[in-house]
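Data from model_13.tsv: TSV, C-alpha atoms
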chain	number	residue	atom	x	y	z
W	125	MET	CA	0.00	0.00	0.00
W	126	HIS	CA	2.80	2.38	0.95
W	127	ARG	CA	4.69	1.65	-2.28
W	128	ALA	CA	1.59	2.20	-4.37
W	129	PHE	CA	0.97	5.58	-2.73
W	130	LEU	CA	4.62	6.59	-3.23
W	131	ALA	CA	4.47	5.63	-6.90
W	132	PHE	CA	1.28	7.67	-7.33
W	133	ALA	CA	2.88	10.69	-5.61
W	134	GLN	CA	5.95	10.45	-7.86
W	135	THR	CA	3.68	10.38	-10.90
W	136	LEU	CA	2.01	13.58	-9.75
W	137	LEU	CA	5.37	15.26	-9.17
W	138	ILE	CA	6.82	14.44	-12.56
W	139	GLU	CA	3.65	14.65	-14.64
W	140	PRO	CA	4.13	17.36	-17.30
W	141	ARG	CA	1.74	20.25	-16.82
W	142	CYS	CA	0.76	23.16	-19.00
W	143	PRO	CA	2.82	26.27	-18.06
W	144	ILE	CA	-0.22	28.50	-18.65
W	145	CYS	CA	-3.16	26.76	-16.98
W	146	ASP	CA	-1.10	24.29	-14.88
W	147	GLY	CA	-3.35	21.46	-16.04
W	148	PRO	CA	-2.03	18.07	-17.20
W	149	TRP	CA	-1.53	17.50	-20.91
W	150	GLN	CA	-3.96	15.20	-22.64
W	151	GLU	CA	-1.37	14.36	-25.30
W	152	PRO	CA	2.44	14.44	-25.50
W	153	GLN	CA	3.80	17.97	-25.79
W	154	THR	CA	7.02	19.93	-25.35
W	155	PRO	CA	7.22	20.72	-21.59
W	156	THR	CA	7.37	24.49	-22.20
W	157	PHE	CA	4.50	24.53	-24.70
W	158	PRO	CA	0.84	25.29	-23.86
W	159	CYS	CA	-1.71	22.50	-23.76
W	160	ARG	CA	-4.19	22.13	-26.59
W	161	HIS	CA	-6.95	23.78	-24.56
W	162	CYS	CA	-4.83	26.92	-23.95
W	163	LEU	CA	-3.69	27.06	-27.57
W	164	ASP	CA	-7.28	26.92	-28.77
W	165	ALA	CA	-8.35	29.59	-26.27
W	166	LEU	CA	-5.50	31.98	-27.15
W	167	GLU	CA	-6.08	31.66	-30.92
W	168	LEU	CA	-2.57	32.89	-31.72
W	169	PRO	CA	-1.46	33.03	-35.37
W	170	PRO	CA	1.53	30.66	-35.81
W	171	GLU	CA	3.68	33.45	-37.27
W	172	GLY	CA	2.36	36.21	-35.02
W	173	ILE	CA	0.94	39.46	-36.38
W	174	LYS	CA	2.82	42.36	-37.99
W	175	GLY	CA	2.22	45.88	-39.22
W	176	LEU	CA	3.84	49.15	-40.28
W	177	GLU	CA	1.79	51.83	-38.48
W	178	PRO	CA	2.56	53.94	-36.53
W	179	LEU	CA	5.95	52.21	-36.88
W	180	ARG	CA	7.02	48.76	-37.92
W	181	TRP	CA	5.88	46.25	-35.27
W	182	CYS	CA	5.63	42.52	-34.52
W	183	ALA	CA	3.37	40.95	-31.90
W	184	LEU	CA	2.35	37.53	-30.67
W	185	GLY	CA	-1.34	38.28	-31.20
W	186	PRO	CA	-4.18	40.82	-30.79
W	187	TYR	CA	-4.57	42.23	-27.29
W	188	GLU	CA	-8.05	40.87	-26.69
W	189	GLY	CA	-9.84	37.80	-25.37
W	190	ALA	CA	-7.78	35.11	-23.65
W	191	LEU	CA	-4.43	36.72	-24.52
W	192	ARG	CA	-5.48	40.01	-22.91
W	193	GLN	CA	-6.60	38.22	-19.75
W	194	LEU	CA	-3.33	36.33	-19.57
W	195	LEU	CA	-1.18	39.42	-20.11
W	196	LEU	CA	-2.95	41.11	-17.21
W	197	LYS	CA	-1.74	38.28	-14.97
W	198	VAL	CA	1.82	37.53	-16.10
W	199	ARG	CA	3.39	40.30	-14.02
W	200	GLN	CA	2.65	38.15	-10.97
W	201	PRO	CA	5.55	36.03	-9.64
W	202	THR	CA	3.35	32.92	-9.81
W	203	LYS	CA	2.87	33.35	-13.57
W	204	GLN	CA	6.51	33.41	-14.67
W	205	ASN	CA	6.22	30.05	-16.42
W	206	ALA	CA	3.33	31.41	-18.47
W	207	LEU	CA	5.32	34.55	-19.35
W	208	ALA	CA	8.35	32.49	-20.37
W	209	THR	CA	6.15	30.38	-22.64
W	210	LEU	CA	4.61	33.43	-24.34
W	211	VAL	CA	8.05	34.95	-24.87
W	212	GLN	CA	9.34	31.70	-26.38
W	213	MET	CA	6.37	31.61	-28.74
W	214	LEU	CA	7.04	35.24	-29.66
W	215	SER	CA	10.69	34.42	-30.31
W	216	ASP	CA	9.70	31.54	-32.59
W	217	SER	CA	7.53	33.92	-34.66
W	218	LEU	CA	10.26	36.53	-35.18
W	219	SER	CA	12.67	36.91	-38.04
W	220	LEU	CA	15.22	39.53	-37.03
W	221	PRO	CA	18.52	40.47	-38.69
W	222	SER	CA	21.72	39.33	-37.00
W	223	ALA	CA	22.57	42.95	-36.13
W	224	ALA	CA	19.33	43.45	-34.17
W	225	VAL	CA	19.68	44.80	-30.62
W	226	LEU	CA	16.69	44.87	-28.27
W	227	VAL	CA	15.97	47.96	-26.16
W	228	PRO	CA	13.20	47.59	-23.55
W	229	ILE	CA	11.01	50.65	-23.00
W	230	PRO	CA	11.33	51.72	-19.33
W	231	SER	CA	8.27	52.19	-17.17
W	232	TRP	CA	6.85	55.64	-16.43
W	233	LYS	CA	6.51	54.69	-12.73
W	234	ARG	CA	9.14	55.18	-10.04
W	235	GLN	CA	7.63	52.45	-7.90
W	236	ARG	CA	5.79	49.27	-8.91
W	237	THR	CA	7.30	49.54	-12.36
W	238	ASN	CA	6.18	47.34	-15.23
W	239	PRO	CA	8.78	44.52	-15.42
W	240	LEU	CA	7.50	42.99	-18.65
W	241	PRO	CA	9.51	44.89	-21.31
W	242	GLN	CA	12.80	43.97	-19.60
W	243	ARG	CA	11.76	40.35	-19.06
W	244	ILE	CA	10.52	39.99	-22.63
W	245	ALA	CA	13.77	41.39	-24.02
W	246	MET	CA	15.90	39.09	-21.87
W	247	GLY	CA	13.75	36.08	-22.73
W	248	LEU	CA	14.12	36.60	-26.48
W	249	ASP	CA	17.78	35.54	-26.16
W	250	ARG	CA	19.17	38.30	-28.35
W	251	PRO	CA	21.59	41.16	-27.58
W	252	THR	CA	19.95	43.82	-25.40
W	253	ALA	CA	20.93	47.35	-24.39
W	254	ASP	CA	19.37	49.63	-21.76
W	255	LEU	CA	19.68	52.79	-23.82
W	256	LEU	CA	16.53	54.59	-22.66
W	257	GLN	CA	15.93	56.58	-19.50
W	258	ARG	CA	12.84	58.32	-18.14
W	259	PRO	CA	14.06	61.72	-16.90
W	260	ARG	CA	10.70	62.48	-15.31
W	261	VAL	CA	7.67	60.67	-13.97
W	262	GLY	CA	4.69	60.88	-16.31
W	263	LEU	CA	1.02	60.10	-16.07
W	264	SER	CA	-0.29	56.67	-16.90
W	265	GLN	CA	-1.22	56.43	-20.59
W	266	HIS	CA	-4.06	54.04	-19.87
W	267	HIS	CA	-6.88	56.58	-19.40
W	268	LEU	CA	-5.65	59.22	-21.85
W	269	ASN	CA	-6.90	59.80	-25.40
W	270	ARG	CA	-4.57	59.96	-28.40
W	271	SER	CA	-3.74	63.67	-28.21
W	272	GLN	CA	-3.29	63.54	-24.42
W	273	ARG	CA	-0.95	60.56	-24.80
W	274	GLN	CA	1.24	62.45	-27.23
W	275	THR	CA	1.38	65.55	-25.02
W	276	ASN	CA	2.10	63.45	-21.94
W	277	LEU	CA	5.14	61.91	-23.65
W	278	ILE	CA	6.89	65.11	-24.73
W	279	GLY	CA	10.41	64.80	-23.34
W	280	ALA	CA	9.49	61.53	-21.63
W	281	PHE	CA	12.62	59.68	-22.82
W	282	ARG	CA	16.28	60.37	-22.99
W	283	ALA	CA	18.75	58.10	-24.74
W	284	ARG	CA	21.95	57.22	-22.89
W	285	PRO	CA	25.07	59.02	-24.17
W	286	HIS	CA	26.95	57.06	-26.79
W	287	ASN	CA	30.09	57.12	-28.87
W	288	PRO	CA	29.32	57.65	-32.59
W	289	ALA	CA	31.50	54.65	-33.33
W	290	THR	CA	29.18	52.45	-31.27
W	291	ALA	CA	25.83	53.80	-32.51
W	292	LEU	CA	23.41	50.96	-33.19
W	293	THR	CA	21.85	50.62	-36.64
W	294	SER	CA	19.14	48.00	-35.98
W	295	VAL	CA	17.44	48.78	-32.67
W	296	TRP	CA	14.18	47.00	-31.88
W	297	LEU	CA	12.13	48.49	-29.06
W	298	VAL	CA	10.45	46.02	-26.72
W	299	ASP	CA	7.18	46.59	-24.84
W	300	ASP	CA	4.40	44.39	-23.53
W	301	ILE	CA	1.49	46.04	-25.39
W	302	LEU	CA	1.25	48.39	-28.39
W	303	THR	CA	-1.87	50.60	-28.38
W	304	THR	CA	-1.73	53.97	-30.16
W	305	GLY	CA	2.06	53.82	-30.49
W	306	ALA	CA	2.63	57.19	-28.77
W	307	THR	CA	5.08	55.68	-26.26
W	308	ALA	CA	7.00	53.79	-28.94
W	309	LEU	CA	7.25	56.88	-31.17
W	310	ALA	CA	8.56	59.00	-28.30
W	311	ALA	CA	11.14	56.32	-27.48
W	312	ARG	CA	12.16	56.06	-31.14
W	313	GLN	CA	12.59	59.85	-31.39
W	314	ALA	CA	14.92	59.92	-28.38
W	315	LEU	CA	17.04	57.08	-29.77
W	316	GLU	CA	17.24	58.53	-33.26
W	317	GLU	CA	18.21	61.95	-31.89
W	318	ALA	CA	21.08	60.13	-30.15
W	319	GLY	CA	22.18	58.64	-33.45
W	320	HIS	CA	20.72	55.13	-33.23
W	321	GLY	CA	18.69	53.54	-36.00
W	322	VAL	CA	15.33	52.17	-34.84
W	323	ALA	CA	13.94	49.36	-36.99
W	324	GLY	CA	10.68	48.72	-35.13
W	325	LEU	CA	8.93	47.42	-32.04
W	326	ILE	CA	8.39	43.92	-30.62
W	327	CYS	CA	5.52	43.27	-28.20
W	328	LEU	CA	3.28	40.51	-26.91
W	329	GLY	CA	-0.05	42.12	-27.75
W	330	ARG	CA	-1.34	44.68	-30.26
W	331	THR	CA	-4.57	46.46	-29.34
W	332	PRO	CA	-7.13	46.01	-32.15
W	333	ALA	CA	-7.91	49.18	-34.11
W	334	ARG	CA	-11.49	49.39	-32.88
W	335	GLN	CA	-10.29	49.56	-29.26
W	336	ARG	CA	-7.59	52.22	-29.63
W	337	ARG	CA	-8.25	55.59	-28.06
W	338	ARG	CA	-8.70	58.39	-30.56
Could you render the structure from this file as C-alpha cells?
Amino acid sequence: MHRAFLAFAQTLLIEPRCPICDGPWQEPQTPTFPCRHCLDALELPPEGIKGLEPLRWCALGPYEGALRQLLLKVRQPTKQNALATLVQMLSDSLSLPSAAVLVPIPSWKRQRTNPLPQRIAMGLDRPTADLLQRPRVGLSQHHLNRSQRQTNLIGAFRARPHNPATALTSVWLVDDILTTGATALAARQALEEAGHGVAGLICLGRTPARQRRR
C-alpha cells in the first residue's frame, strides 16, 4: 500500500503540466509549450501578427480575449512560467537580422514599475541594451486619449550618451502592449536623436484598431 501511494505521488510530481493553466496535458507535448486547450483559447497566429503603423511592429497576437486576460496576470511572480512560454512563442515567430539589438522601454513609474519589457527582451535571447531613460515621472497612458498621450510623452525619454563609433543601426524596441504607439514613437525619437537607427517594435499584444483611443 505504501509503495503504491509513493508511486502515485511520484507520478504527480513528474507529470508534465501546462505552463499556462497548470493542467495536465492530454497528449504528448514539449514541456514548455501550452496544452491544446490553452492554444485553442488563445487563438494565436503561428507566425504572429505584424504591421507598419505607426511604426514597424511585430506581436504575438491581438490584445483581446484570452491573450489580454493572460497578459494582465503575467506580471505576478506565480505566472513566470506562463510569461516564459509566451516569450518563447514570440521568439519563434520573429525573423530579425543578426545585427538586431533589443531595447526595452522603461516604465513611467518610479515604484511598482512594469517589469515585462525587460523580461521579454531578456527572454528573447538576443543582444539587449538599456539605452533609454525616463528623466521624469509621467502620467499613466491608460486613461488618456490619443492627443493627451502624445502631449504626456513630450520629453518623456532620454537616450543614454553614446560614442558615434558604437551607434546601433538596428534597434528593436520592446514593450508588452502596443496601443496607439505614442510611447513607442517617443522612445524612437529619443534614440534617433542620439544617433541610433530604430527598426521597429516587438511586443506581446497589439490592441485592435477598434479599441484604440482616438
One-decimal distance in Å that lies between CA of Pro186 (chain W) and CA of Leu168 (chain W):
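CA of Pro186 (chain W) lies at a distance of 8.1 Å from CA of Leu168 (chain W).
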Rank nothing, just name the residue among W:Ser219, W:Glu167, W:Ile301, W:Pro140 nearest to Ala190 (chain W), using only C-alpha atoms.
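Nearest candidate to Ala190 (chain W) out of W:Ser219, W:Glu167, W:Ile301, W:Pro140: W:Glu167.
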Residues near Phe281 (chain W), cut-off 6 Å, all atoms listed in the file, skip fewer than 6 positions along chain, as a PyMOL selection string:
chain W and resi 257-258+311
Using all atoms listed in the file: which of W:Leu179, W:Leu184, W:Val211, W:Leu240 has the shortest distance to Phe157 (chain W):
W:Val211
Check the smallest atom-to-atom distance from each of W:Leu255, W:Ala314, W:Leu297, W:Leu220 to Cys327 (chain W) using all atoms listed in the file, then report the winner.
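Closest to Cys327 (chain W) of all the choices is W:Leu297.
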Separation of CA of Asn205 (chain W) and CA of Asp300 (chain W), in Å?
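CA of Asn205 (chain W) sits 16.1 Å away from CA of Asp300 (chain W).
By all atoms listed in the file, and with residues fewer than 4 positions from Thr331 (chain W) along its chain excluded, the set lying at most 7 Å from it is Pro186, Tyr187, Leu302, Thr303, Gln335 and Arg336 of chain W.
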Assuming 3 Å of padding per side, give the centre and edge lengths of the axis-aligned box around every listed atom of region 241-245 of chain W, in Å to one decimal and as lines of an AutoDock Vina configuration file.
center_x = 11.6
center_y = 42.4
center_z = -21.5
size_x = 10.3
size_y = 10.9
size_z = 11.0
Identify, on the basis of only C-alpha atoms, every residue whose closest approach to Ala308 (chain W) does not exceed 9 Å; exclude the query and any residue fewer than 5 positions from it along the same chain; express the result as number ranges by chain.
W: 178-179, 229, 297-299, 302, 313, 324-325
CA of Leu196 (chain W) and CA of Ser294 (chain W), how far apart in Å?
29.8 Å
Protein/DNA/RNA residues near (25.7, 41.3, -25.7), cut 10 Å, all atoms listed in the file, as a JSON list (two decimals) with C-alpha atoms, keeping the file's coordinate frame:
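Generated output (part-v1.json):
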[["chain", "number", "residue", "atom", "x", "y", "z"],
["W", 225, "VAL", "CA", 19.68, 44.80, -30.62],
["W", 249, "ASP", "CA", 17.78, 35.54, -26.16],
["W", 250, "ARG", "CA", 19.17, 38.30, -28.35],
["W", 251, "PRO", "CA", 21.59, 41.16, -27.58],
["W", 252, "THR", "CA", 19.95, 43.82, -25.40],
["W", 253, "ALA", "CA", 20.93, 47.35, -24.39]]
Show me, as a PDB file with C-alpha atoms, in the coordinates of the input, the residues that have an atom within 9 Å of Ala206 (chain W) when counting all atoms listed in the file, minus same-chain residues fewer than 5 positions from it.
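Output file result.pdb is given in full below:
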ATOM      1  CA  CYS W 142       0.760  23.160 -19.000  1.00  0.00           C
ATOM      2  CA  PRO W 143       2.820  26.270 -18.060  1.00  0.00           C
ATOM      3  CA  ILE W 144      -0.220  28.500 -18.650  1.00  0.00           C
ATOM      4  CA  CYS W 145      -3.160  26.760 -16.980  1.00  0.00           C
ATOM      5  CA  THR W 156       7.370  24.490 -22.200  1.00  0.00           C
ATOM      6  CA  PRO W 158       0.840  25.290 -23.860  1.00  0.00           C
ATOM      7  CA  LEU W 194      -3.330  36.330 -19.570  1.00  0.00           C
ATOM      8  CA  VAL W 198       1.820  37.530 -16.100  1.00  0.00           C
ATOM      9  CA  VAL W 211       8.050  34.950 -24.870  1.00  0.00           C
TER      10      VAL W 211
END
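Remark: for Leu210 (chain W), the closest of the candidate residues W:Leu163, W:Leu226, W:Leu328, W:Ala318 is W:Leu328 (distances computed over only C-alpha atoms).
Across W:Gly329, W:Pro201, W:Gly305, W:Gly321, the tightest approach to Leu176 (chain W) is made by W:Gly305 when counting all atoms listed in the file.
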Write out as a list of chain:residue names which residues come within 9 Å of Ala208 (chain W) when counting all atoms listed in the file, dropping same-chain ones fewer than 5 positions away.
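Once the adjacent positions are removed, what remains is W:Pro143, W:Thr156, W:Lys203, W:Met213, W:Arg243, W:Ile244, W:Gly247.
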Could those residues be written to a file, using C-alpha atoms, as a PDB file, in the coordinates of the input?
ATOM      1  CA  PRO W 143       2.820  26.270 -18.060  1.00  0.00           C
ATOM      2  CA  THR W 156       7.370  24.490 -22.200  1.00  0.00           C
ATOM      3  CA  LYS W 203       2.870  33.350 -13.570  1.00  0.00           C
ATOM      4  CA  MET W 213       6.370  31.610 -28.740  1.00  0.00           C
ATOM      5  CA  ARG W 243      11.760  40.350 -19.060  1.00  0.00           C
ATOM      6  CA  ILE W 244      10.520  39.990 -22.630  1.00  0.00           C
ATOM      7  CA  GLY W 247      13.750  36.080 -22.730  1.00  0.00           C
TER       8      GLY W 247
END
Check the smallest atom-to-atom distance from each of W:Arg199, W:Leu309, W:Pro170, W:Met246 to Asp216 (chain W) using only C-alpha atoms, then report the winner.
W:Pro170
With the input short on atoms, add all heavy atoms back to region 140-151 of chain W and write it as a PDB file, in the frame of the given file.
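result22.pdb, written as the output of this step:
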ATOM      1  N   PRO W 140       4.032  16.065 -16.609  1.00  0.00           N
ATOM      2  CA  PRO W 140       4.130  17.360 -17.300  1.00  0.00           C
ATOM      3  C   PRO W 140       2.812  18.130 -17.192  1.00  0.00           C
ATOM      4  O   PRO W 140       1.732  17.564 -17.326  1.00  0.00           O
ATOM      5  CB  PRO W 140       4.418  16.957 -18.753  1.00  0.00           C
ATOM      6  CG  PRO W 140       4.955  15.576 -18.680  1.00  0.00           C
ATOM      7  CD  PRO W 140       4.258  14.934 -17.514  1.00  0.00           C
ATOM      8  N   ARG W 141       2.927  19.415 -16.946  1.00  0.00           N
ATOM      9  CA  ARG W 141       1.740  20.250 -16.820  1.00  0.00           C
ATOM     10  C   ARG W 141       1.885  21.473 -17.706  1.00  0.00           C
ATOM     11  O   ARG W 141       2.991  21.938 -17.985  1.00  0.00           O
ATOM     12  CB  ARG W 141       1.526  20.653 -15.347  1.00  0.00           C
ATOM     13  CG  ARG W 141       1.485  19.476 -14.369  1.00  0.00           C
ATOM     14  CD  ARG W 141       1.089  19.910 -12.968  1.00  0.00           C
ATOM     15  NE  ARG W 141      -0.320  20.203 -12.878  1.00  0.00           N
ATOM     16  CZ  ARG W 141      -1.270  19.285 -12.705  1.00  0.00           C
ATOM     17  NH1 ARG W 141      -0.944  18.009 -12.641  1.00  0.00           N
ATOM     18  NH2 ARG W 141      -2.528  19.634 -12.616  1.00  0.00           N
ATOM     19  N   CYS W 142       0.770  21.990 -18.126  1.00  0.00           N
ATOM     20  CA  CYS W 142       0.760  23.160 -19.000  1.00  0.00           C
ATOM     21  C   CYS W 142       1.301  24.370 -18.227  1.00  0.00           C
ATOM     22  O   CYS W 142       0.832  24.659 -17.117  1.00  0.00           O
ATOM     23  CB  CYS W 142      -0.654  23.443 -19.485  1.00  0.00           C
ATOM     24  SG  CYS W 142      -0.821  24.997 -20.398  1.00  0.00           S
ATOM     25  N   PRO W 143       2.267  25.119 -18.776  1.00  0.00           N
ATOM     26  CA  PRO W 143       2.820  26.270 -18.060  1.00  0.00           C
ATOM     27  C   PRO W 143       1.855  27.450 -17.962  1.00  0.00           C
ATOM     28  O   PRO W 143       2.112  28.389 -17.218  1.00  0.00           O
ATOM     29  CB  PRO W 143       4.047  26.643 -18.906  1.00  0.00           C
ATOM     30  CG  PRO W 143       3.729  26.129 -20.265  1.00  0.00           C
ATOM     31  CD  PRO W 143       2.927  24.882 -20.062  1.00  0.00           C
ATOM     32  N   ILE W 144       0.753  27.394 -18.696  1.00  0.00           N
ATOM     33  CA  ILE W 144      -0.220  28.500 -18.650  1.00  0.00           C
ATOM     34  C   ILE W 144      -1.365  28.206 -17.687  1.00  0.00           C
ATOM     35  O   ILE W 144      -1.642  28.989 -16.787  1.00  0.00           O
ATOM     36  CB  ILE W 144      -0.738  28.807 -20.062  1.00  0.00           C
ATOM     37  CG1 ILE W 144       0.395  29.420 -20.897  1.00  0.00           C
ATOM     38  CG2 ILE W 144      -1.941  29.770 -20.009  1.00  0.00           C
ATOM     39  CD1 ILE W 144       0.015  29.788 -22.300  1.00  0.00           C
ATOM     40  N   CYS W 145      -2.022  27.071 -17.848  1.00  0.00           N
ATOM     41  CA  CYS W 145      -3.160  26.760 -16.980  1.00  0.00           C
ATOM     42  C   CYS W 145      -2.810  25.812 -15.840  1.00  0.00           C
ATOM     43  O   CYS W 145      -3.630  25.569 -14.952  1.00  0.00           O
ATOM     44  CB  CYS W 145      -4.313  26.176 -17.799  1.00  0.00           C
ATOM     45  SG  CYS W 145      -3.981  24.519 -18.461  1.00  0.00           S
ATOM     46  N   ASP W 146      -1.599  25.240 -15.875  1.00  0.00           N
ATOM     47  CA  ASP W 146      -1.100  24.290 -14.880  1.00  0.00           C
ATOM     48  C   ASP W 146      -1.871  22.981 -14.879  1.00  0.00           C
ATOM     49  O   ASP W 146      -1.774  22.197 -13.950  1.00  0.00           O
ATOM     50  CB  ASP W 146      -1.138  24.901 -13.468  1.00  0.00           C
ATOM     51  CG  ASP W 146      -0.225  24.152 -12.515  1.00  0.00           C
ATOM     52  OD1 ASP W 146       0.852  23.703 -12.942  1.00  0.00           O
ATOM     53  OD2 ASP W 146      -0.606  23.985 -11.337  1.00  0.00           O
ATOM     54  N   GLY W 147      -2.635  22.726 -15.922  1.00  0.00           N
ATOM     55  CA  GLY W 147      -3.350  21.460 -16.040  1.00  0.00           C
ATOM     56  C   GLY W 147      -2.497  20.412 -16.731  1.00  0.00           C
ATOM     57  O   GLY W 147      -1.540  20.737 -17.439  1.00  0.00           O
ATOM     58  N   PRO W 148      -2.803  19.135 -16.543  1.00  0.00           N
ATOM     59  CA  PRO W 148      -2.030  18.070 -17.200  1.00  0.00           C
ATOM     60  C   PRO W 148      -2.321  18.038 -18.698  1.00  0.00           C
ATOM     61  O   PRO W 148      -3.414  18.381 -19.141  1.00  0.00           O
ATOM     62  CB  PRO W 148      -2.528  16.802 -16.512  1.00  0.00           C
ATOM     63  CG  PRO W 148      -3.911  17.144 -16.059  1.00  0.00           C
ATOM     64  CD  PRO W 148      -3.884  18.608 -15.698  1.00  0.00           C
ATOM     65  N   TRP W 149      -1.333  17.641 -19.476  1.00  0.00           N
ATOM     66  CA  TRP W 149      -1.530  17.500 -20.910  1.00  0.00           C
ATOM     67  C   TRP W 149      -2.332  16.253 -21.204  1.00  0.00           C
ATOM     68  O   TRP W 149      -2.157  15.205 -20.569  1.00  0.00           O
ATOM     69  CB  TRP W 149      -0.186  17.397 -21.623  1.00  0.00           C
ATOM     70  CG  TRP W 149       0.445  18.729 -21.893  1.00  0.00           C
ATOM     71  CD1 TRP W 149      -0.053  19.748 -22.627  1.00  0.00           C
ATOM     72  CD2 TRP W 149       1.713  19.168 -21.416  1.00  0.00           C
ATOM     73  NE1 TRP W 149       0.809  20.800 -22.654  1.00  0.00           N
ATOM     74  CE2 TRP W 149       1.913  20.477 -21.925  1.00  0.00           C
ATOM     75  CE3 TRP W 149       2.696  18.588 -20.618  1.00  0.00           C
ATOM     76  CZ2 TRP W 149       3.060  21.214 -21.655  1.00  0.00           C
ATOM     77  CZ3 TRP W 149       3.838  19.319 -20.357  1.00  0.00           C
ATOM     78  CH2 TRP W 149       4.009  20.612 -20.873  1.00  0.00           C
ATOM     79  N   GLN W 150      -3.188  16.355 -22.193  1.00  0.00           N
ATOM     80  CA  GLN W 150      -3.960  15.200 -22.640  1.00  0.00           C
ATOM     81  C   GLN W 150      -3.210  14.419 -23.709  1.00  0.00           C
ATOM     82  O   GLN W 150      -3.583  13.304 -24.037  1.00  0.00           O
ATOM     83  CB  GLN W 150      -5.317  15.654 -23.190  1.00  0.00           C
ATOM     84  CG  GLN W 150      -6.155  16.391 -22.165  1.00  0.00           C
ATOM     85  CD  GLN W 150      -6.413  15.565 -20.908  1.00  0.00           C
ATOM     86  OE1 GLN W 150      -6.734  14.386 -20.994  1.00  0.00           O
ATOM     87  NE2 GLN W 150      -6.238  16.189 -19.751  1.00  0.00           N
ATOM     88  N   GLU W 151      -2.178  15.032 -24.290  1.00  0.00           N
ATOM     89  CA  GLU W 151      -1.370  14.360 -25.300  1.00  0.00           C
ATOM     90  C   GLU W 151       0.068  14.819 -25.132  1.00  0.00           C
ATOM     91  O   GLU W 151       0.326  15.847 -24.513  1.00  0.00           O
ATOM     92  CB  GLU W 151      -1.858  14.699 -26.723  1.00  0.00           C
ATOM     93  CG  GLU W 151      -1.663  16.124 -27.150  1.00  0.00           C
ATOM     94  CD  GLU W 151      -2.771  17.048 -26.679  1.00  0.00           C
ATOM     95  OE1 GLU W 151      -3.818  16.544 -26.253  1.00  0.00           O
ATOM     96  OE2 GLU W 151      -2.565  18.260 -26.728  1.00  0.00           O
TER      97      GLU W 151
END
